[in-house]
Amino acid sequence: MVDLRTGDDVHEVHPLPRGDGWIVDGIEVTPLADGRWQVRQGEAVSLAYGTRIGDVVWMHINGRVHRIEVIEAGAGAAQEEGSFSAPMPGGVLDVLVATGDEVTAGQALLVLEAMKMEHRITAPYHGRVVAVHVTQGDRVQQGELLLEVEASEA
Amino acid sequence: MVDLRTGDDVHEVHPLPRGDGWIVDGIEVTPLADGRWQVRQGEAVSLAYGTRIGDVVWMHINGRVHRIEVIEAGAGAAQEEGSFSAPMPGGVLDVLVATGDEVTAGQALLVLEAMKMEHRITAPYHGRVVAVHVTQGDRVQQGELLLEVEASEA
Amino acid sequence: MRSVLVANRGEIACRVLRACKEAGLRAVSVHAEDEVGAMHTEMSDLSLSLEGSGAPAYLNGDAIIAAALANDVDGIHPGFGFLSERAGFAQAVLDAGLIWIGPSPSAIERMGDKMTARITMREAGVPVIPGEEIEIEPSGDEKADLEATLVAVRSASERVGFPLLLKASAGGGGKGMRAVESADGLDEAVRGARREAIAAFGDGRVYLERLLRGARHVEVQVLADAHGRTVHLGERECSVQRRHQKVFEEAPCAVVSEDQRQRMGEAAIAAAEAVDYVGAGTVEFLMEDDGTFHFLEMNTRIQVEHPITELVTGVDLVREQLRIAAGEPMSVPELAMRGHAIEVRIYAEDAANGFLPSIGPLAVFRPPTGPGLRLDTGVREGDDVSPSYDPMLAKLIVHAPSRDEALQRMRRALDEFVILGTTTNVAFLRDLCDLDAVVSATTSTTTLDDAYPNGWEVQPASEAVMALAAVLASSRGITRGDNDGPSGPASPFLSLNRRYP
Amino acid sequence: MRSVLVANRGEIACRVLRACKEAGLRAVSVHAEDEVGAMHTEMSDLSLSLEGSGAPAYLNGDAIIAAALANDVDGIHPGFGFLSERAGFAQAVLDAGLIWIGPSPSAIERMGDKMTARITMREAGVPVIPGEEIEIEPSGDEKADLEATLVAVRSASERVGFPLLLKASAGGGGKGMRAVESADGLDEAVRGARREAIAAFGDGRVYLERLLRGARHVEVQVLADAHGRTVHLGERECSVQRRHQKVFEEAPCAVVSEDQRQRMGEAAIAAAEAVDYVGAGTVEFLMEDDGTFHFLEMNTRIQVEHPITELVTGVDLVREQLRIAAGEPMSVPELAMRGHAIEVRIYAEDAANGFLPSIGPLAVFRPPTGPGLRLDTGVREGDDVSPSYDPMLAKLIVHAPSRDEALQRMRRALDEFVILGTTTNVAFLRDLCDLDAVVSATTSTTTLDDAYPNGWEVQPASEAVMALAAVLASSRGITRGDNDGPSGPASPFLSLNRRYP
């Protein structure tokens with residue numbers, strides 16, 4: 001059994017070994033050479049590239065890339081809603097809010113600099129800043145917690 | 001210590017670990033990412049692709065592919081001179097000589113069929129056929145011994 | 001000229017180094033300490049190490065000139081970005097007795113400063129966008145300069161009117177540029193644009209232009225040699241932009257008539273001749289629905305999207321740059337455009353998340369092949385995408401007899417392009433090919449904002465995707481960095497070959 | 001026409017399937033049992049399994065037609081080789097109510113039988129090579145037919161004179177062809193040619209032609225639609241051949257003048273019109289030093305080297321084939337050739353050992369990229385080269401403004417092409433680019449024999465090569481077939497990632 005995350009949803013899927021490959025919910029998945037796969041759903045056969053890197057599976061199928069998170073049993077809880085972490089390594093150019101501030105959806109909270117560009121972290125909803133973990137000039141790693149915003153009642 | 005064969009010569013080479021890579025006869029060999037290598041000989045630096053597959057090392061360096069055989073310590077003796085083995089899988093179309101025949105350099109000994117083409121095995125020198133291991137119609141695998149020719153004194 | 005150093009990295013360095021090799025020139029590359037073995041170093045006969053990592057290494061003009069002098073280099077090609085439009089660097093190259101593969105420092109200076117360029121063009125009779133230059137002499141005190149600029153911009157904005165574009169005079173590539181809808185956002189825009197421009201170019205001066213909504217970005221390629229010949233090579237349309245950066249470019253522009261091409265070409269030649277231009281350059285225009293066109297800026301270097309012009313004209317622009325720099329006459333026949341070419345820029349970025357740059361290993365990188373395709377790439381499978389550099393990885397370019405066929409070919413090519421391990425904009429680019437405005441050739445610089453007011457979204461995962469994902473997830477997978485060797489990303493297929501528990 | 005089945009494999013299947021997709025047609029492929037997941041199946045919307053392995057699977061016309069009928073296919077494209085020049089198959093396709101994407105069965109028959117073609121051309125006023133047809137009606141008894149043929153050939157050879165070329169009437173691609181220097185070798189040549197021709201085509205009839213040493217192989221591309229329009233698209237020179245198979249092709253031919261092109265083009269159109277030709281075809285000529293040209297044969301299908309014509313003319317030949325088959329007029333403008341194109345064929349073969357086909361894993365397969373390059377490939381990294389199929393893996397094609405620049409580009413591209421795990425002819429092709437005859441454009445069909453009388457030799461390994469070899473040899477390496485998974489070749493990098501003992 002494997003748990004997979006797409007967007008906000010978590011899917012539980014059960015691959016069963018069958019012949020040279022697996023069956024998942026009636027879909028046959030068969031390995032070919034060198035990272036390629038055949039996926040058969042009824043009459044429709046697709047050829048795909050696929051690989052797993054860390055906690056993410058990557059695949060290219062029917063002309064599209066998909067990137068899906070794997071949730072390992074026993075792994076820590078997923079990131080809390082309202083926590084903002086650095087989407088990539090970079091420098092903190094500006095912190096635009098302080099703990100306790102009320103913020104509105106779309107309001108800029110923080111400016112990061114990475115790859116020679118400025119990136120603005122904005123609030124996705126109305127709320128209140130409950131913690132700020134960085135200050136101007138800090139270097140941050142990808143995934144590092146920047147600040148936390150608590151949603152206000154709608 | 002490694003023995004390498006190029007053409008008819010066997011070279012003994014001694015790679016020594018040094019830093020991130022190796023030194024071989026004063027030439028520095030450093031691994032880069034994903035099967036790529038840096039080779040430095042004095043001021044000249046080359047970037048290469050290289051891999052080993054079975055008993056052959058393959059590399060692409062300075063615009064050329066090289067394919068060099070590795071002779072493992074304890075491996076069986078190299079193929080005897082005068083033994084002709086199938087260069088590729090195929091069918092024996094015709095055997096043109098019999099044991100005891102005298103042959104001259106360039107004389108056709110055997111016709112193989114592979115990849116829809118005929119391939120002629122010819123004698124590289126004057127000599128006498130001492131053994132024939134296949135007959136017309138046989139399927140042969142790559143490397144399978146076909147026949148043996150003893151060189152006559154020049 | 002026998003030996004050329006390419007003072008750049010990534011795909012444009014590869015492009016230029018290959019041209020040098022083809023021309024029989026010794027091709028010399030440079031690399032920062034974090035780019036040993038990068039693709040562009042592989043394209044060169046000799047690669048020289050620069051001190052430091054990231055962009056600063058490639059911006060150290062003195063070190064690059066010293067390296068050139070120490071290694072029998074005759075000429076320096078700057079590519080685009082980095083030092084390509086720094087007149088001071090061009091002058092230093094010339095002062096060192098080397099050949100500068102580009103226009104004169106004075107041409108770079110007069111065109112590089114967008115305010116000066118506006119004024120020069122206005123005086124040469126080339127129409128410019130209604131707007132106003134903000135002439136504040138830098139005092140060295142950023143706080144004072146910012147204040148003075150704010151005051152002047154507020155006043156000028158009343159004459160120019162909203163919406164307007166605030167642009168850094170030293171800017172380019174979307175850096176230091178802000179669209180301002182109303183007086184409310186003006187101050188913050190000035191602060192951001194200045195900060196970005198000072199960081200990127202060391203020069204925070206700005207000017208205002210009326211924001212021409214719904215206009216097309218149409219640019220004309222020019223080539224001029226030292227023998228007095230200046231030609232234009234037709235136009236490119238590059239209206240489709242995200243964050244003021246081009247992502248989808250085509251040649252010719254579907255709505256430019258032969259007559260219009262002639263007039264824009266003449267304006268472009270006039271622009272080049274106004275600054276005694278020698279080399280390859282691009283004169284950018286904004287074109288309104290009625291065909292009126294306004295000078296936007298001139299880029300005094302080879303441009304990212306130069307391949308589409310090469311495909312429709314049959315001219316090798318970089319090879320011509322080398323000829324021109326060597327003092328030879330250019331070998332360009334009379335303009336005859338054939339077919340239609342489209343370029344898309346492959347970025348390591350998350351199109352579904354505000355086009356935020358992404359990083360990671362290029363665990364699988366399998367470009368499409370076949371007829372009518374060109375790939376200019378600076379990376380290959382196994383490389384790492386680092387946050388230290390621009391996120392543009394490669395350019396995919398198609399050529400076909402007609403615009404419809406070029407679009408069909410681009411769709412096919414993007415469907416085939418496999419990149420795993422790093423998020424890229426390939427799926428976004430594929431969707432662009434089906435966008436109404438793109439299909440009907442009615443693109444403008446606001447096409448993307450209009451098409452995706454709430455941002456672009458990834459297609460949801462199908463049942464087949466989830467099934468394959470489940471199988472892949474069950475494999476052991478790779479944890480990056482757990483190899484005992486010094487090499488980069490592990491083979492993506494490691495896990496597959498060991499798939500059975 | 002909405003759905004096309006491509007009755008082929010390898011690079012030409014990929015080429016045609018891509019054209020179908022670009023044209024908005026449902027692209028259907030077929031695959032033998034040993035080619036599940038082969039590259040061409042990946043290019044298609046649907047891949048149908050054929051019984052059996054190897055070439056016989058792709059030669060089973062009845063099975064292919066049945067599969068087409070069962071899967072809503074409207075048209076069949078045969079590619080080249082396999083069933084492409086079998087009039088009986090074309091007729092069966094038409095009889096099944098399907099569209100045959102090629103010329104009429106009668107045109108195939110009249111041109112496919114080389115003897116009939118010679119006679120037809122002679123009657124249409126197209127000059128043919130001095131020679132003689134050997135008209136022995138097959139009796140069904142091979143021994144008797146062989147004897148009768150031997151007698152007739154011996155007699156005809158006295159009139160034609162030595163050296164001569166013995167050719168299978170049903171032959172093609174060098175199969176069933178023998179150059180005969182003197183009467184001594186005649187009988188063995190007849191036996192070999194008949195055997196090969198019977199095996200490959202089921203028809204052992206042969207004819208004789210004077211061997212024109214030092215002549216160029218120059219061929220003209222024609223296109224004809226069902227609306228009565230027949231055009232030629234200029235010539236290709238394909239003189240550089242090994243074992244009677246082309247390896248290096250270019251367009252245009254460097255010594256063909258505009259006037260000569262006109263005359264050969266008209267002869268080619270006359271040839272096509274003599275058999276009421278509809279579709280894409282090639283009329284091959286031998287051209288002597290003084291410009292005299294003789295009809296060699298007409299290939300009634302798309303040809304391996306069609307890309308070089310596409311690049312210099314801007315016409316998409318396969319797309320035109322689809323248009324013509326659908327009954328539309330072709331969309332080909334007046335002939336205007338631009339620049340110079342060269343194609344080399346990448347074979348899995350050992351050029352240093354009599355061009356013997358080789359097999360193995362494509363452990364590393366990294367084609368060059370950049371401007372002016374086109375790769376038509378039927379394989380990708382990780383595939384296995386099997387002995388069951390033709391050893392041509394891919395075609396590398398360059399386009400540049402001039403012949404010199406095209407050669408420079410080809411050298412650069414071949415230098416960059418990395419294929420490890422299977423011996424290929426890439427280094428041989430690279431050497432060809434430096435051959436005097438190639439550089440000076442004085443190639444003929446005997447160029448390779450003249451250049452390499454004792455065969456081509458691999459460059460010796462340098463000290464740097466031996467050093468790297470030693471390090472690679474110390475790594476654990478991969479023993480093929482020792483994976484526990486069902487997948488093909490192991491990643492070449494497995495050994496590298498585990499390099500440290």
# chains A, B, ... in the order shown; residues from 1 in each chain; ligands from 1
$ interface_residues --of "chain B" --to "chain D" --cutoff "6 Å" --atoms "only C-alpha atoms" --output "mmCIF file with N, CA and C atoms, in the first residue's frame"
data_model
loop_
_atom_site.group_PDB
_atom_site.id
_atom_site.type_symbol
_atom_site.label_atom_id
_atom_site.label_comp_id
_atom_site.auth_asym_id
_atom_site.auth_seq_id
_atom_site.Cartn_x
_atom_site.Cartn_y
_atom_site.Cartn_z
ATOM 1 N N VAL B 24 47.193 7.814 -13.542
ATOM 2 C CA VAL B 24 47.703 6.689 -14.328
ATOM 3 C C VAL B 24 48.847 7.211 -15.201
ATOM 4 N N GLY B 35 28.535 9.428 -15.394
ATOM 5 C CA GLY B 35 29.279 8.727 -16.431
ATOM 6 C C GLY B 35 30.244 9.592 -17.206
ATOM 7 N N THR B 51 32.261 4.028 -19.754
ATOM 8 C CA THR B 51 31.561 3.013 -18.980
ATOM 9 C C THR B 51 32.195 1.658 -19.260
ATOM 10 N N ARG B 52 31.984 0.737 -18.367
ATOM 11 C CA ARG B 52 32.444 -0.614 -18.591
ATOM 12 C C ARG B 52 31.235 -1.513 -18.754
ATOM 13 N N ILE B 53 31.249 -2.343 -19.781
ATOM 14 C CA ILE B 53 30.175 -3.306 -19.986
ATOM 15 C C ILE B 53 30.830 -4.658 -20.164
ATOM 16 N N GLY B 54 30.617 -5.528 -19.218
ATOM 17 C CA GLY B 54 31.253 -6.837 -19.276
ATOM 18 C C GLY B 54 32.761 -6.666 -19.314
ATOM 19 N N TRP B 58 34.236 1.185 -22.682
ATOM 20 C CA TRP B 58 33.848 2.045 -23.784
ATOM 21 C C TRP B 58 34.083 3.473 -23.343
ATOM 22 N N GLY B 63 36.218 13.490 -29.263
ATOM 23 C CA GLY B 63 35.458 13.246 -30.485
ATOM 24 C C GLY B 63 35.525 11.827 -31.012
ATOM 25 N N MET B 115 21.519 -10.258 -40.234
ATOM 26 C CA MET B 115 20.939 -8.963 -40.566
ATOM 27 C C MET B 115 20.640 -8.860 -42.059
#
$ select_by_dssp --residues "range 33-107 of chain B" --states "strand (DSSP E)" --output "PyMOL selection string"
chain B and resi 36-41+44-53+56-61+64-71+83-85+90-95+102-103
$ atom_distance --atom1 "CA of Ile346 in chain D" --atom2 "CA of Glu11 in chain C"
25.9 Å
$ closest_atom_pairs --of "chain D" --to "chain C" --cutoff "6 Å" --atoms "only C-alpha atoms" --output "JSON lines"
{"residue": "D:Glu22", "atom": "CA", "partner": "C:Gln408", "partner_atom": "CA", "distance": 4.9}
{"residue": "D:Thr369", "atom": "CA", "partner": "C:Leu375", "partner_atom": "CA", "distance": 5.8}
{"residue": "D:Gly370", "atom": "CA", "partner": "C:Asp376", "partner_atom": "CA", "distance": 4.7}
{"residue": "D:Leu375", "atom": "CA", "partner": "C:Gly370", "partner_atom": "CA", "distance": 5.5}
{"residue": "D:Asp376", "atom": "CA", "partner": "C:Gly370", "partner_atom": "CA", "distance": 4.8}
{"residue": "D:Gln408", "atom": "CA", "partner": "C:Glu22", "partner_atom": "CA", "distance": 4.9}
{"residue": "D:Arg409", "atom": "CA", "partner": "C:Glu22", "partner_atom": "CA", "distance": 5.6}
$ residues_around --residues "Val4 in chain D" --least-positions-apart "3" --cutoff "10 Å" --atoms "only C-alpha atoms" --output "list in words"
Met1, Ala7, Val16, Leu17, Cys20, Lys21, Leu25, Arg26, Ala27, Val28, Ser29, Ser44, Ala68, Asp72, Val73, Asp74, Gly75, Ile76, His77, Leu98, Ile99, Trp100, Ile101 and Leu322 of chain D
$ write_last_selection --atoms "C-alpha atoms" --output "PDB file, in the first residue's frame"
ATOM      1  CA  MET D   1      -8.201  10.047 -44.292  1.00  0.00           C
ATOM      2  CA  ALA D   7       3.795  -0.683 -41.766  1.00  0.00           C
ATOM      3  CA  VAL D  16       6.173   8.954 -40.715  1.00  0.00           C
ATOM      4  CA  LEU D  17       4.289   8.566 -37.430  1.00  0.00           C
ATOM      5  CA  CYS D  20       0.847  11.774 -39.150  1.00  0.00           C
ATOM      6  CA  LYS D  21       0.578  13.273 -35.677  1.00  0.00           C
ATOM      7  CA  LEU D  25      -4.088  12.002 -38.137  1.00  0.00           C
ATOM      8  CA  ARG D  26      -4.390   9.128 -35.711  1.00  0.00           C
ATOM      9  CA  ALA D  27      -0.980   7.468 -35.917  1.00  0.00           C
ATOM     10  CA  VAL D  28      -1.006   3.673 -35.679  1.00  0.00           C
ATOM     11  CA  SER D  29       2.155   1.596 -35.512  1.00  0.00           C
ATOM     12  CA  SER D  44       2.104   6.298 -32.160  1.00  0.00           C
ATOM     13  CA  ALA D  68      -5.662  -2.109 -40.056  1.00  0.00           C
ATOM     14  CA  ASP D  72     -10.428   1.803 -37.928  1.00  0.00           C
ATOM     15  CA  VAL D  73      -7.407   2.598 -40.032  1.00  0.00           C
ATOM     16  CA  ASP D  74      -8.002   4.440 -43.337  1.00  0.00           C
ATOM     17  CA  GLY D  75      -4.565   4.449 -44.919  1.00  0.00           C
ATOM     18  CA  ILE D  76      -1.306   2.503 -44.890  1.00  0.00           C
ATOM     19  CA  HIS D  77       2.129   4.078 -45.231  1.00  0.00           C
ATOM     20  CA  LEU D  98      -7.841   1.213 -47.662  1.00  0.00           C
ATOM     21  CA  ILE D  99      -5.792   4.135 -48.953  1.00  0.00           C
ATOM     22  CA  TRP D 100      -2.311   3.182 -50.148  1.00  0.00           C
ATOM     23  CA  ILE D 101       0.122   5.982 -49.392  1.00  0.00           C
ATOM     24  CA  LEU D 322      -0.110  12.300 -46.839  1.00  0.00           C
TER      25      LEU D 322
END
$ select_by_dssp --residues "range 321-433 of chain C" --states "helix (DSSP H, G or I)" --output "count of residues only"
29
$ closest_residue --among "C:Glu273, C:Asp383, C:Glu334, C:Glu457" --to "Arg36 in chain B" --atoms "only C-alpha atoms"
C:Asp383
$ residues_around --residues "Arg191 in chain C" --least-positions-apart "5" --cutoff "10 Å" --atoms "only C-alpha atoms" --output "list in words"
Leu146, Glu147, Thr149, Leu150, Gly176, Leu186, Glu196, Ala197 and Gly204 of chain C
$ residues_around --residues "range 281-284 of chain D" --least-positions-apart "3" --cutoff "9 Å" --atoms "only C-alpha atoms" --output "list of chain:residue names"
D:Gly102, D:Pro103, D:His217, D:Val218, D:Glu219, D:Val220, D:Gln221, D:Val222, D:Leu223, D:Ala224, D:Ala267, D:Ala268, D:Ile269, D:Ala271, D:Ala272, D:Tyr277, D:Val278, D:His294, D:Phe295, D:Leu296, D:Glu297, D:Met298, D:Asn299, D:Thr300, D:Arg301, D:Ile302, D:Gln303
$ write_last_selection --atoms "C-alpha atoms" --output "mmCIF file, in the first residue's frame"
data_model
loop_
_atom_site.group_PDB
_atom_site.id
_atom_site.type_symbol
_atom_site.label_atom_id
_atom_site.label_comp_id
_atom_site.auth_asym_id
_atom_site.auth_seq_id
_atom_site.Cartn_x
_atom_site.Cartn_y
_atom_site.Cartn_z
ATOM 1 C CA GLY D 102 2.304 5.447 -52.408
ATOM 2 C CA PRO D 103 2.124 5.153 -56.162
ATOM 3 C CA HIS D 217 25.340 8.703 -58.180
ATOM 4 C CA VAL D 218 22.944 11.622 -58.621
ATOM 5 C CA GLU D 219 19.232 11.239 -58.017
ATOM 6 C CA VAL D 220 16.263 13.512 -58.489
ATOM 7 C CA GLN D 221 13.333 13.731 -56.070
ATOM 8 C CA VAL D 222 9.925 13.902 -57.721
ATOM 9 C CA LEU D 223 6.452 14.496 -56.346
ATOM 10 C CA ALA D 224 3.261 13.978 -58.284
ATOM 11 C CA ALA D 267 14.143 13.476 -67.404
ATOM 12 C CA ALA D 268 12.955 12.544 -63.908
ATOM 13 C CA ILE D 269 9.516 14.017 -64.554
ATOM 14 C CA ALA D 271 10.260 8.920 -66.009
ATOM 15 C CA ALA D 272 7.494 9.494 -63.467
ATOM 16 C CA TYR D 277 3.248 8.204 -61.100
ATOM 17 C CA VAL D 278 1.414 9.649 -58.087
ATOM 18 C CA HIS D 294 22.059 7.550 -67.385
ATOM 19 C CA PHE D 295 18.900 6.245 -65.747
ATOM 20 C CA LEU D 296 19.750 3.773 -63.014
ATOM 21 C CA GLU D 297 16.417 3.017 -61.409
ATOM 22 C CA MET D 298 13.376 4.638 -59.901
ATOM 23 C CA ASN D 299 12.522 4.103 -56.250
ATOM 24 C CA THR D 300 8.778 4.190 -55.848
ATOM 25 C CA ARG D 301 8.712 5.207 -52.197
ATOM 26 C CA ILE D 302 10.127 7.712 -49.760
ATOM 27 C CA GLN D 303 13.889 7.325 -49.577
#
$ atom_distance --atom1 "CA of Arg118 in chain D" --atom2 "CA of Ile136 in chain D"
16.1 Å
$ residues_around --residues "Val45 in chain B" --least-positions-apart "6" --cutoff "8 Å" --atoms "only C-alpha atoms" --output "list of chain:residue names"
B:Gln38, B:Val39, C:Leu46
